[in-house]
$ cat final32.cif   # mmCIF, C-alpha atoms and all ligand atoms
data_run
loop_
_atom_site.label_atom_id
_atom_site.label_comp_id
_atom_site.auth_asym_id
_atom_site.auth_seq_id
_atom_site.Cartn_x
_atom_site.Cartn_y
_atom_site.Cartn_z
CA MET A 1 71.64 68.11 137.13
CA ARG A 2 68.67 70.17 138.22
CA THR A 3 65.49 71.38 136.50
CA GLN A 4 61.96 72.46 137.37
CA ILE A 5 60.02 69.59 135.75
CA GLY A 6 61.72 66.21 135.20
CA ILE A 7 59.88 64.39 132.42
CA VAL A 8 60.15 60.63 131.88
CA GLY A 9 59.44 59.65 128.25
CA ALA A 10 59.77 61.44 124.90
CA GLY A 11 56.51 60.28 123.35
CA PRO A 12 53.88 62.81 122.29
CA ALA A 13 52.93 63.49 125.96
CA GLY A 14 56.46 64.18 127.27
CA LEU A 15 57.59 66.19 124.24
CA LEU A 16 54.47 68.33 124.02
CA LEU A 17 54.54 68.97 127.77
CA SER A 18 58.16 70.10 127.59
CA HIS A 19 57.33 72.38 124.65
CA LEU A 20 54.26 73.96 126.32
CA LEU A 21 56.24 74.51 129.54
CA HIS A 22 59.02 76.21 127.60
CA LEU A 23 56.47 78.65 126.14
CA GLN A 24 55.53 79.55 129.73
CA GLY A 25 59.17 80.04 130.73
CA ILE A 26 59.32 76.79 132.73
CA GLU A 27 62.40 74.56 132.41
CA SER A 28 62.24 70.83 131.90
CA VAL A 29 64.51 67.92 130.97
CA ILE A 30 63.24 64.77 129.23
CA ILE A 31 64.71 61.36 130.05
CA GLU A 32 63.96 58.84 127.26
CA ALA A 33 64.91 55.14 127.20
CA ARG A 34 65.10 54.85 123.38
CA SER A 35 67.20 56.53 120.70
CA ARG A 36 66.05 59.58 118.73
CA LYS A 37 65.91 57.49 115.54
CA TYR A 38 63.72 54.87 117.23
CA ILE A 39 61.10 57.30 118.52
CA GLU A 40 61.07 59.20 115.23
CA GLU A 41 60.33 56.04 113.23
CA ARG A 42 57.88 54.27 115.56
CA ILE A 43 54.64 53.76 113.57
CA ARG A 44 51.55 54.39 115.67
CA ALA A 45 48.49 56.62 115.53
CA GLY A 46 47.51 58.93 112.69
CA VAL A 47 44.29 60.81 113.44
CA LEU A 48 44.52 64.25 115.09
CA GLU A 49 41.40 65.84 116.56
CA GLN A 50 40.61 69.45 115.71
CA GLY A 51 41.68 70.59 119.20
CA THR A 52 45.01 68.74 118.99
CA VAL A 53 45.73 70.36 115.61
CA ASP A 54 44.79 73.81 116.96
CA MET A 55 47.05 73.33 119.99
CA LEU A 56 50.03 72.28 117.84
CA VAL A 57 49.49 75.18 115.42
CA GLU A 58 48.92 77.82 118.13
CA SER A 59 52.00 76.67 120.04
CA GLY A 60 54.17 77.09 116.93
CA VAL A 61 54.87 73.46 115.95
CA GLY A 62 52.20 73.13 113.26
CA GLU A 63 53.99 74.41 110.14
CA ARG A 64 54.64 71.01 108.54
CA LEU A 65 51.33 69.68 109.88
CA LYS A 66 49.46 72.50 108.08
CA ARG A 67 51.43 71.82 104.89
CA GLU A 68 51.40 68.01 104.83
CA GLY A 69 48.44 66.98 107.02
CA LEU A 70 45.35 65.69 105.19
CA VAL A 71 42.21 67.45 106.45
CA HIS A 72 39.14 65.20 106.41
CA HIS A 73 35.59 66.45 106.79
CA GLY A 74 33.93 63.06 106.96
CA ILE A 75 34.33 59.32 107.54
CA GLU A 76 32.54 56.37 106.01
CA LEU A 77 30.84 53.55 107.89
CA ARG A 78 30.50 50.45 105.73
CA PHE A 79 28.25 47.46 106.44
CA ASN A 80 26.22 45.06 104.30
CA ARG A 81 28.58 46.10 101.45
CA ARG A 82 27.26 49.68 101.47
CA GLY A 83 28.97 52.86 102.56
CA HIS A 84 27.36 55.65 104.62
CA ARG A 85 29.20 58.95 104.91
CA ILE A 86 29.16 60.89 108.15
CA ASN A 87 29.69 64.54 107.36
CA MET A 88 31.48 65.54 110.53
CA TYR A 89 32.25 69.03 109.31
CA GLU A 90 28.63 69.89 108.81
CA LEU A 91 27.40 68.09 111.94
CA THR A 92 29.90 69.80 114.26
CA GLY A 93 29.71 73.34 112.91
CA GLY A 94 32.94 73.22 110.94
CA LYS A 95 35.29 70.85 112.77
CA ALA A 96 37.51 68.29 111.04
CA ILE A 97 40.20 65.70 111.74
CA THR A 98 43.68 65.75 110.26
CA ILE A 99 45.64 62.71 109.13
CA TYR A 100 49.25 63.24 110.18
CA ALA A 101 51.35 60.38 111.54
CA GLN A 102 52.24 60.35 115.22
CA HIS A 103 55.95 59.95 114.43
CA GLU A 104 55.79 63.13 112.34
CA VAL A 105 54.36 64.98 115.39
CA VAL A 106 57.23 63.48 117.41
CA LYS A 107 59.81 64.68 114.84
CA ASP A 108 58.36 68.21 114.84
CA LEU A 109 58.38 68.37 118.65
CA VAL A 110 61.91 66.96 119.02
CA SER A 111 63.28 69.48 116.54
CA ALA A 112 61.41 72.39 118.21
CA ARG A 113 62.72 71.41 121.66
CA LEU A 114 66.31 71.02 120.47
CA ALA A 115 66.19 74.28 118.47
CA ALA A 116 65.04 76.10 121.62
CA GLY A 117 67.93 74.65 123.65
CA GLY A 118 65.74 72.02 125.34
CA GLN A 119 67.44 68.97 126.79
CA ILE A 120 66.41 65.43 125.90
CA VAL A 121 68.54 62.57 127.23
CA PHE A 122 68.11 59.70 124.73
CA GLU A 123 69.03 56.07 125.42
CA ALA A 124 68.87 56.49 129.18
CA GLY A 125 69.25 53.16 131.01
CA ASP A 126 67.75 51.92 134.30
CA VAL A 127 65.46 54.94 134.71
CA SER A 128 63.91 55.22 138.18
CA VAL A 129 61.94 57.90 140.03
CA HIS A 130 62.51 58.86 143.69
CA GLY A 131 61.38 61.23 146.42
CA PHE A 132 58.11 62.26 144.83
CA ASP A 133 56.38 62.04 148.21
CA SER A 134 58.99 64.46 149.64
CA SER A 135 60.31 67.92 148.75
CA THR A 136 63.24 66.46 146.78
CA PRO A 137 61.95 64.48 143.77
CA ALA A 138 64.62 63.06 141.46
CA ILE A 139 65.01 60.89 138.37
CA ARG A 140 67.99 58.50 138.34
CA PHE A 141 69.32 56.92 135.14
CA GLN A 142 72.40 55.62 133.34
CA SER A 143 73.85 57.73 130.56
CA GLY A 144 77.30 57.77 128.97
CA GLY A 145 78.34 54.87 131.21
CA LYS A 146 77.59 56.81 134.42
CA THR A 147 74.72 56.95 136.92
CA GLN A 148 73.17 60.41 136.81
CA GLU A 149 70.57 62.11 138.93
CA LEU A 150 68.18 64.83 137.83
CA ALA A 151 66.79 66.78 140.79
CA CYS A 152 63.49 68.55 140.08
CA ASP A 153 60.46 70.22 141.69
CA PHE A 154 57.99 67.80 140.06
CA ILE A 155 58.13 64.63 137.95
CA ALA A 156 55.88 64.10 134.92
CA GLY A 157 55.42 60.39 134.18
CA CYS A 158 54.93 60.40 130.39
CA ASP A 159 56.53 56.99 129.87
CA GLY A 160 53.62 55.13 128.32
CA PHE A 161 51.78 52.02 129.43
CA HIS A 162 54.94 49.94 130.11
CA GLY A 163 56.90 52.73 131.81
CA VAL A 164 58.38 52.90 135.32
CA CYS A 165 56.46 55.82 136.81
CA ARG A 166 53.04 54.25 137.41
CA PRO A 167 54.48 51.05 139.01
CA SER A 168 56.66 53.22 141.30
CA ILE A 169 53.59 54.59 143.10
CA PRO A 170 53.08 52.70 146.38
CA VAL A 171 50.70 49.77 146.27
CA GLY A 172 47.19 50.68 147.36
CA VAL A 173 47.26 54.30 146.16
CA LEU A 174 45.94 53.72 142.65
CA THR A 175 42.74 52.02 141.56
CA GLU A 176 42.93 50.32 138.17
CA PHE A 177 39.99 49.96 135.79
CA ASP A 178 40.65 47.47 133.03
CA ARG A 179 38.96 45.74 130.12
CA THR A 180 40.58 43.50 127.55
CA TYR A 181 38.94 42.60 124.25
CA PRO A 182 39.01 39.17 122.59
CA PHE A 183 40.81 40.54 119.50
CA ALA A 184 43.74 42.65 118.30
CA TRP A 185 44.43 44.79 115.22
CA LEU A 186 46.84 43.79 112.50
CA GLY A 187 48.01 47.03 110.89
CA VAL A 188 49.93 47.53 107.66
CA LEU A 189 51.59 50.43 105.96
CA ALA A 190 51.31 49.96 102.19
CA GLN A 191 52.91 51.73 99.29
CA VAL A 192 49.69 52.40 97.45
CA PRO A 193 47.49 55.48 97.08
CA PRO A 194 44.50 55.07 99.43
CA SER A 195 41.45 53.67 97.61
CA SER A 196 39.18 56.17 99.35
CA ASN A 197 39.68 59.87 100.11
CA GLU A 198 38.30 59.40 103.61
CA LEU A 199 38.63 56.73 106.32
CA VAL A 200 36.40 53.67 105.93
CA TYR A 201 35.32 51.77 109.08
CA SER A 202 33.87 48.45 107.92
CA TYR A 203 31.76 45.96 109.85
CA HIS A 204 31.88 42.53 108.23
CA GLU A 205 30.97 39.00 109.25
CA ARG A 206 34.66 38.04 108.93
CA GLY A 207 35.59 40.84 111.33
CA PHE A 208 36.31 44.58 111.38
CA ALA A 209 38.50 46.33 108.79
CA LEU A 210 39.69 49.94 108.55
CA LEU A 211 41.04 51.78 105.56
CA SER A 212 43.17 54.76 106.55
CA MET A 213 46.19 56.51 105.07
CA ARG A 214 49.30 58.49 105.86
CA THR A 215 49.91 60.45 102.66
CA PRO A 216 48.34 60.52 99.18
CA GLU A 217 50.86 57.78 98.29
CA ILE A 218 50.86 55.63 101.45
CA GLY A 219 47.91 53.63 102.78
CA ARG A 220 47.40 52.47 106.37
CA LEU A 221 45.03 49.52 106.77
CA TYR A 222 43.91 47.40 109.70
CA ILE A 223 42.03 44.12 110.21
CA GLN A 224 40.64 42.58 113.36
CA VAL A 225 42.56 39.38 114.25
CA GLY A 226 42.70 37.02 117.24
CA PRO A 227 44.25 38.42 120.45
CA ASP A 228 47.29 36.11 120.32
CA GLU A 229 47.78 36.11 116.58
CA ASP A 230 51.37 35.69 115.33
CA ILE A 231 52.32 38.14 112.58
CA HIS A 232 54.33 35.35 110.90
CA ASN A 233 51.04 33.62 110.09
CA TRP A 234 50.07 36.62 107.98
CA PRO A 235 51.90 36.72 104.64
CA ASP A 236 51.10 39.83 102.60
CA ASP A 237 48.77 38.09 100.14
CA LYS A 238 46.65 36.72 103.00
CA ILE A 239 46.33 40.23 104.48
CA TRP A 240 45.20 41.65 101.13
CA ARG A 241 42.71 38.80 100.66
CA GLU A 242 41.17 39.53 104.03
CA LEU A 243 41.07 43.29 103.38
CA GLN A 244 39.42 42.65 99.98
CA ALA A 245 36.74 40.50 101.60
CA ARG A 246 36.00 42.80 104.52
CA LEU A 247 36.07 46.11 102.64
CA ALA A 248 34.12 44.84 99.59
CA ALA A 249 31.37 47.21 98.49
CA GLU A 250 28.59 47.31 95.94
CA GLY A 251 29.17 49.24 92.73
CA ASP A 252 32.52 49.96 91.11
CA TRP A 253 34.59 50.68 94.25
CA LYS A 254 37.85 48.76 94.22
CA LEU A 255 40.58 48.26 96.83
CA THR A 256 43.94 48.77 95.11
CA GLU A 257 46.79 46.64 96.45
CA GLY A 258 50.48 47.51 96.72
CA PRO A 259 53.70 46.44 98.46
CA ILE A 260 53.41 46.18 102.25
CA LEU A 261 56.17 48.28 103.86
CA GLN A 262 55.57 47.41 107.49
CA LYS A 263 53.18 45.30 109.54
CA GLY A 264 52.45 44.74 113.23
CA ILE A 265 49.84 43.64 115.75
CA THR A 266 48.38 45.94 118.42
CA PRO A 267 46.41 44.55 121.36
CA MET A 268 43.13 46.21 122.25
CA ARG A 269 42.44 47.22 125.81
CA SER A 270 40.77 49.83 127.96
CA PHE A 271 42.68 50.88 131.09
CA VAL A 272 42.50 53.79 133.52
CA VAL A 273 44.22 54.52 136.84
CA GLU A 274 42.72 56.83 139.40
CA PRO A 275 44.05 59.20 140.55
CA MET A 276 46.57 60.23 137.88
CA GLN A 277 48.87 61.71 140.52
CA PHE A 278 50.68 60.88 143.74
CA GLY A 279 52.67 63.50 145.67
CA LYS A 280 54.85 65.33 143.15
CA LEU A 281 54.51 62.66 140.45
CA TYR A 282 51.93 63.40 137.74
CA LEU A 283 51.00 60.74 135.15
CA ALA A 284 49.98 61.78 131.62
CA GLY A 285 49.00 59.95 128.42
CA ASP A 286 49.34 56.17 128.09
CA ALA A 287 51.10 56.00 131.50
CA ALA A 288 47.66 56.67 133.01
CA HIS A 289 45.21 55.28 130.45
CA ILE A 290 44.86 53.16 127.31
CA VAL A 291 41.94 53.13 124.90
CA PRO A 292 41.14 50.54 122.21
CA ALA A 293 42.26 52.10 118.92
CA THR A 294 38.86 52.21 117.17
CA GLY A 295 38.03 55.77 118.24
CA ALA A 296 41.56 57.07 117.40
CA LYS A 297 41.74 58.75 120.80
CA GLY A 298 45.07 57.60 122.38
CA LEU A 299 47.36 60.32 121.08
CA ASN A 300 44.69 62.99 121.42
CA LEU A 301 44.07 62.14 125.08
CA ALA A 302 47.80 62.38 125.76
CA ALA A 303 47.78 65.88 124.26
CA ALA A 304 44.74 66.88 126.33
CA ASP A 305 46.40 65.71 129.58
CA VAL A 306 49.57 67.71 129.05
CA ARG A 307 47.62 70.81 128.09
CA ILE A 308 45.96 70.68 131.54
CA LEU A 309 49.25 69.82 133.28
CA SER A 310 51.18 72.65 131.65
CA GLN A 311 48.50 75.14 132.70
CA ALA A 312 48.64 73.81 136.27
CA PHE A 313 52.45 74.15 136.43
CA ALA A 314 52.18 77.65 134.93
CA GLU A 315 49.74 78.68 137.68
CA PHE A 316 52.06 77.25 140.33
CA TYR A 317 55.21 78.99 139.08
CA SER A 318 53.50 82.35 138.48
CA SER A 319 51.46 82.57 141.72
CA GLY A 320 52.49 79.74 144.04
CA LYS A 321 48.91 78.42 143.92
CA THR A 322 48.35 74.67 143.67
CA GLN A 323 44.64 74.71 142.83
CA LEU A 324 45.02 73.49 139.23
CA LEU A 325 47.66 70.94 140.25
CA ASP A 326 45.35 69.63 142.97
CA GLN A 327 42.53 69.32 140.42
CA TYR A 328 44.74 67.83 137.67
CA SER A 329 43.60 64.23 138.01
CA GLN A 330 39.93 65.06 138.39
CA THR A 331 39.99 67.46 135.42
CA CYS A 332 41.71 64.94 133.12
CA LEU A 333 39.62 61.97 134.20
CA ARG A 334 36.35 63.56 133.06
CA ARG A 335 37.68 63.68 129.49
CA VAL A 336 39.44 60.31 129.81
CA TRP A 337 36.23 58.53 130.79
CA LYS A 338 34.26 60.14 127.97
CA ALA A 339 36.95 58.98 125.53
CA GLN A 340 36.86 55.52 127.14
CA ARG A 341 33.11 55.37 126.65
CA PHE A 342 33.34 56.46 123.02
CA SER A 343 36.22 54.07 122.19
CA TRP A 344 34.43 51.16 123.88
CA TRP A 345 31.23 51.98 121.97
CA MET A 346 32.94 52.22 118.56
CA THR A 347 34.84 49.00 119.31
CA SER A 348 31.72 47.12 120.42
CA MET A 349 29.68 48.28 117.44
CA LEU A 350 32.22 47.45 114.75
CA HIS A 351 33.99 44.23 115.81
CA ARG A 352 32.90 40.61 115.79
CA PHE A 353 33.02 39.02 119.25
CA ASP A 354 33.50 35.24 119.67
CA THR A 355 30.53 35.24 121.98
CA ASP A 356 28.23 36.97 119.47
CA SER A 357 24.91 35.24 119.05
CA PRO A 358 22.78 35.77 115.93
CA PHE A 359 20.81 38.20 118.12
CA ASP A 360 23.94 40.27 118.82
CA GLN A 361 24.87 40.36 115.14
CA ARG A 362 21.42 41.60 114.12
CA ARG A 363 21.59 44.17 116.92
CA GLN A 364 25.01 45.43 115.72
CA VAL A 365 23.73 45.86 112.17
CA ALA A 366 20.61 47.59 113.49
CA GLU A 367 22.80 49.99 115.44
CA LEU A 368 24.83 50.83 112.33
CA ASP A 369 21.64 51.16 110.29
CA TYR A 370 20.14 53.50 112.89
CA LEU A 371 23.35 55.55 112.95
CA ALA A 372 23.43 55.85 109.17
CA GLY A 373 19.86 57.15 109.11
CA SER A 374 19.67 59.39 112.16
CA ARG A 375 21.11 62.89 112.21
CA ALA A 376 21.02 62.84 116.03
CA ALA A 377 23.05 59.61 116.20
CA MET A 378 25.51 60.80 113.55
CA THR A 379 25.98 64.08 115.41
CA SER A 380 26.87 62.19 118.57
CA LEU A 381 29.50 60.15 116.73
CA ALA A 382 30.84 63.22 114.89
CA GLU A 383 31.26 65.42 117.96
CA ASN A 384 33.15 62.70 119.80
CA TYR A 385 35.28 61.76 116.78
CA VAL A 386 36.48 65.31 116.05
CA GLY A 387 37.11 65.75 119.80
CA LEU A 388 34.92 67.04 122.62
CA PRO A 389 35.42 70.66 123.72
CA TRP A 390 38.28 71.17 126.22
CA ASP A 391 36.07 72.11 129.15
P1 LIG B 1 54.17 56.79 124.32
O1 LIG B 1 54.00 57.25 122.92
O2 LIG B 1 54.12 55.33 124.60
O3 LIG B 1 55.55 57.40 124.84
C1 LIG B 1 56.18 56.96 126.01
C2 LIG B 1 57.67 57.16 125.87
O4 LIG B 1 58.30 56.78 127.07
C3 LIG B 1 58.27 56.32 124.76
O5 LIG B 1 59.10 57.11 123.93
C4 LIG B 1 59.06 55.25 125.51
O6 LIG B 1 60.20 54.81 124.78
C5 LIG B 1 59.42 55.99 126.77
N1 LIG B 1 59.69 55.13 127.92
C6 LIG B 1 59.05 53.99 128.28
N2 LIG B 1 59.57 53.48 129.40
C7 LIG B 1 60.55 54.34 129.78
C8 LIG B 1 61.46 54.36 130.85
N3 LIG B 1 61.46 53.38 131.76
N4 LIG B 1 62.32 55.38 130.94
C9 LIG B 1 62.35 56.37 130.02
N5 LIG B 1 61.53 56.39 128.97
C10 LIG B 1 60.63 55.39 128.84
N6 LIG B 1 46.38 55.38 119.03
C11 LIG B 1 45.52 55.76 118.11
O7 LIG B 1 44.78 56.70 118.39
N7 LIG B 1 45.49 55.13 116.87
C12 LIG B 1 46.37 54.12 116.56
O8 LIG B 1 46.36 53.59 115.47
C13 LIG B 1 47.27 53.68 117.52
N8 LIG B 1 48.17 52.70 117.26
C14 LIG B 1 49.03 52.30 118.25
C15 LIG B 1 49.93 51.26 118.00
C16 LIG B 1 50.79 50.81 119.01
C17 LIG B 1 51.75 49.67 118.73
C18 LIG B 1 50.75 51.43 120.28
C19 LIG B 1 51.66 50.96 121.40
C20 LIG B 1 49.88 52.49 120.50
C21 LIG B 1 49.00 52.93 119.50
N9 LIG B 1 48.11 53.99 119.71
C22 LIG B 1 47.24 54.36 118.77
C23 LIG B 1 48.08 54.74 120.91
C24 LIG B 1 48.90 56.01 120.81
O9 LIG B 1 49.99 55.80 119.97
C25 LIG B 1 49.31 56.38 122.22
O10 LIG B 1 48.12 56.72 122.93
C26 LIG B 1 50.31 57.53 122.31
O11 LIG B 1 51.56 57.10 121.84
C27 LIG B 1 50.44 58.02 123.76
O12 LIG B 1 51.52 58.88 123.89
P2 LIG B 1 52.39 58.89 125.21
O13 LIG B 1 53.40 59.95 125.01
O14 LIG B 1 51.51 58.94 126.39
O15 LIG B 1 53.08 57.45 125.28
C1 LIG B 2 44.09 55.20 112.38
C2 LIG B 2 44.09 54.59 113.60
C3 LIG B 2 42.92 54.47 114.29
O1 LIG B 2 42.92 53.88 115.50
C4 LIG B 2 41.72 54.93 113.78
O2 LIG B 2 40.58 54.78 114.47
C5 LIG B 2 41.73 55.56 112.56
C6 LIG B 2 42.93 55.69 111.86
C7 LIG B 2 45.36 55.33 111.65
O3 LIG B 2 46.38 54.82 112.12
O4 LIG B 2 45.36 55.93 110.56
#
$ encode --input "final32.cif" --output "structure tokens" --more "lines below"
Ligand code: FAD
Ligand code: DHB
Amino acid sequence: MRTQIGIVGAGPAGLLLSHLLHLQGIESVIIEARSRKYIEERIRAGVLEQGTVDMLVESGVGERLKREGLVHHGIELRFNRRGHRINMYELTGGKAITIYAQHEVVKDLVSARLAAGGQIVFEAGDVSVHGFDSSTPAIRFQSGGKTQELACDFIAGCDGFHGVCRPSIPVGVLTEFDRTYPFAWLGVLAQVPPSSNELVYSYHERGFALLSMRTPEIGRLYIQVGPDEDIHNWPDDKIWRELQARLAAEGDWKLTEGPILQKGITPMRSFVVEPMQFGKLYLAGDAAHIVPATGAKGLNLAAADVRILSQAFAEFYSSGKTQLLDQYSQTCLRRVWKAQRFSWWMTSMLHRFDTDSPFDQRRQVAELDYLAGSRAAMTSLAENYVGLPWD
């Protein structure tokens, strides 16, 4: 097998990269460890920045997103049992976020790639990457009971945080920047119309809670829990009790409960490798960086990386120039670090830390209070939340 770009991983990064390359007339093959069904049902992120939505629509995969996505102009910050709306639309000159589940983006991209004759190898075993420091890069894997090799000009490592590409880079090349947080998120999908039209981020003395949604009929809710919490210790009624306590508000607002369809625990961490490239291996998305979920940036950063990478490959194949490829890591990292800063800030402001002193708690509330009353502070949150400009 031979192609121009060998892509490891059919998450949002790998699929969108393959799609954008196809639009530029560049061939790629995706090698994915899991089945199509698995990746199309994996519940993850749900908030798309304005720029991510525009990119999906402009590249021709936004039909269902435009029809089914929920466009939100604001979010609510809740503390001391009171809500404060941040009108992002007004503060950013007309930008919004769209609620559309990550696995729906994955479904749309898989079907667009397959309809255009794109090749995705699902359920590939023992995937490994070779020769990326030479002129003959290759991806080796097991498929249909045989060992196969995909020869390519470049390899795109889009295989997420636990993938094989990043660890295949020789020791000493990459510098890792890491922060773990003393908590995780317990997330549920519930068969109940969301109790608010917009997302509610709630700071509470029992810990953070978030009310989100997937559709007008399906709610998505999260609570801060301990970092090593076992999901089996969280029966549904306990989850609802905790959500009721942490989202409680003055007045007649009420959190409506419903059957929990799915639940899981996501660790919170910040992680970046520099550079995001070695030889002919380019890392994109979670393979290169992880953000704590509070800022809803993970999926959007993955999309931003592959936008830059597809432009760099397009320049190379049309002119032979490597300027954009050479700058790939540096270009991406500027955005990555701004998203890291924002995600760390949102996380620090809204969660309870074990080490919090009464001073820290007063300071957190003062920060939220300042934010709720200052147009300047709200504008800063809004412009980061809807997504910073590309350049
Ligand atoms: P991934 O989506 O991880 O895709 C990588 C792909 O590579 C996967 O399909 C995987 O199966 C495949 N793969 C892995 N190893 C190999 C291998 N050896 N060979 C071949 N293929 C391989 N972000 C938010 O903004 N909000 C959220 O609420 C949120 N929730 C999350 C919940 C969970 C449980 C996780 C793990 C992440 C969550 N994120 C969230 C982050 C967001 O989902 C990611 O940032 C996003 O998926 C990144 O896309 P990606 O394509 O880079 O990586
Ligand atoms: C969702 C996830 C987030 O991390 C976030 O900040 C907002 C919403 C969600 O899954 O809907």
$ residues_near_point --input "final32.cif" --point "(52.9, 53.0, 131.9)" --cutoff "12 Å" --atoms "only C-alpha atoms" --output "NGL selection string"
:A and (8-9 or 11 or 156-169 or 271-273 or 276 or 282-290)
$ closest_residue --input "final32.cif" --among "A:Arg214, A:Lys95, A:His22, A:Lys66" --to "ligand LIG 1 (chain B)" --atoms "only C-alpha atoms and all ligand atoms"
A:Arg214
$ residues_near_ligand --input "final32.cif" --ligand "ligand LIG 2 (chain B)" --cutoff "9 Å" --atoms "only C-alpha atoms and all ligand atoms" --output "VMD selection string"
chain A and resid 43 to 47 99 to 102 187 199 to 201 210 to 214 219 to 222 292 to 298 343
$ write_last_selection --input "final32.cif" --atoms "C-alpha atoms" --output "PDB file, in the coordinates of the input"
ATOM      1  CA  ILE A  43      54.640  53.760 113.570  1.00  0.00           C
ATOM      2  CA  ARG A  44      51.550  54.390 115.670  1.00  0.00           C
ATOM      3  CA  ALA A  45      48.490  56.620 115.530  1.00  0.00           C
ATOM      4  CA  GLY A  46      47.510  58.930 112.690  1.00  0.00           C
ATOM      5  CA  VAL A  47      44.290  60.810 113.440  1.00  0.00           C
ATOM      6  CA  ILE A  99      45.640  62.710 109.130  1.00  0.00           C
ATOM      7  CA  TYR A 100      49.250  63.240 110.180  1.00  0.00           C
ATOM      8  CA  ALA A 101      51.350  60.380 111.540  1.00  0.00           C
ATOM      9  CA  GLN A 102      52.240  60.350 115.220  1.00  0.00           C
ATOM     10  CA  GLY A 187      48.010  47.030 110.890  1.00  0.00           C
ATOM     11  CA  LEU A 199      38.630  56.730 106.320  1.00  0.00           C
ATOM     12  CA  VAL A 200      36.400  53.670 105.930  1.00  0.00           C
ATOM     13  CA  TYR A 201      35.320  51.770 109.080  1.00  0.00           C
ATOM     14  CA  LEU A 210      39.690  49.940 108.550  1.00  0.00           C
ATOM     15  CA  LEU A 211      41.040  51.780 105.560  1.00  0.00           C
ATOM     16  CA  SER A 212      43.170  54.760 106.550  1.00  0.00           C
ATOM     17  CA  MET A 213      46.190  56.510 105.070  1.00  0.00           C
ATOM     18  CA  ARG A 214      49.300  58.490 105.860  1.00  0.00           C
ATOM     19  CA  GLY A 219      47.910  53.630 102.780  1.00  0.00           C
ATOM     20  CA  ARG A 220      47.400  52.470 106.370  1.00  0.00           C
ATOM     21  CA  LEU A 221      45.030  49.520 106.770  1.00  0.00           C
ATOM     22  CA  TYR A 222      43.910  47.400 109.700  1.00  0.00           C
ATOM     23  CA  PRO A 292      41.140  50.540 122.210  1.00  0.00           C
ATOM     24  CA  ALA A 293      42.260  52.100 118.920  1.00  0.00           C
ATOM     25  CA  THR A 294      38.860  52.210 117.170  1.00  0.00           C
ATOM     26  CA  GLY A 295      38.030  55.770 118.240  1.00  0.00           C
ATOM     27  CA  ALA A 296      41.560  57.070 117.400  1.00  0.00           C
ATOM     28  CA  LYS A 297      41.740  58.750 120.800  1.00  0.00           C
ATOM     29  CA  GLY A 298      45.070  57.600 122.380  1.00  0.00           C
ATOM     30  CA  SER A 343      36.220  54.070 122.190  1.00  0.00           C
TER      31      SER A 343
END
$ residues_around --input "final32.cif" --residues "Gln262 in chain A" --least-positions-apart "5" --cutoff "8 Å" --atoms "all atoms listed in the file" --output "MDAnalysis selection string"
chainID A and resid 188:190
$ residues_around --input "final32.cif" --residues "range 231-234 of chain A" --least-positions-apart "5" --cutoff "10 Å" --atoms "all atoms listed in the file" --output "PyMOL selection string"
chain A and resi 186+225+239-240+263-265
$ write_last_selection --input "final32.cif" --atoms "C-alpha atoms" --output "short mmCIF file (atom, residue, chain, number, x, y, z; two decimals), in the coordinates of the input"
data_model
loop_
_atom_site.label_atom_id
_atom_site.label_comp_id
_atom_site.auth_asym_id
_atom_site.auth_seq_id
_atom_site.Cartn_x
_atom_site.Cartn_y
_atom_site.Cartn_z
CA LEU A 186 46.84 43.79 112.50
CA VAL A 225 42.56 39.38 114.25
CA ILE A 239 46.33 40.23 104.48
CA TRP A 240 45.20 41.65 101.13
CA LYS A 263 53.18 45.30 109.54
CA GLY A 264 52.45 44.74 113.23
CA ILE A 265 49.84 43.64 115.75
#
$ closest_residue --input "final32.cif" --among "A:Leu371, A:Ala13, A:Ala303, A:Ile308" --to "ligand LIG 1 (chain B)" --atoms "only C-alpha atoms and all ligand atoms"
A:Ala13
$ residues_near_point --input "final32.cif" --point "(37.0, 48.1, 96.6)" --cutoff "12 Å" --atoms "only C-alpha atoms" --output "PyMOL selection string"
chain A and resi 78+81-83+194-196+200+202+211+240-241+243-257
$ closest_residue --input "final32.cif" --among "A:Ile31, A:Ile218, A:Val71, A:Val306" --to "Met55 in chain A" --atoms "all atoms listed in the file"
A:Val306
$ atom_distance --input "final32.cif" --atom1 "CA of Ser59 in chain A" --atom2 "CA of Glu27 in chain A"
16.3 Å
$ axis_aligned_box --input "final32.cif" --around "ligand LIG 1 (chain B)" --padding-each-side "4 Å" --output "AutoDock Vina command-line options"
--center_x 53.6 --center_y 54.8 --center_z 123.6 --size_x 25.6 --size_y 18.3 --size_z 24.3
$ closest_residue --input "final32.cif" --among "A:Thr92, A:Gln330, A:Ser319, A:Ser35" --to "ligand LIG 1 (chain B)" --atoms "all atoms listed in the file"
A:Ser35
$ residues_around --input "final32.cif" --residues "range 125-130 of chain A" --least-positions-apart "6" --cutoff "6 Å" --atoms "only C-alpha atoms" --output "count of residues only"
6
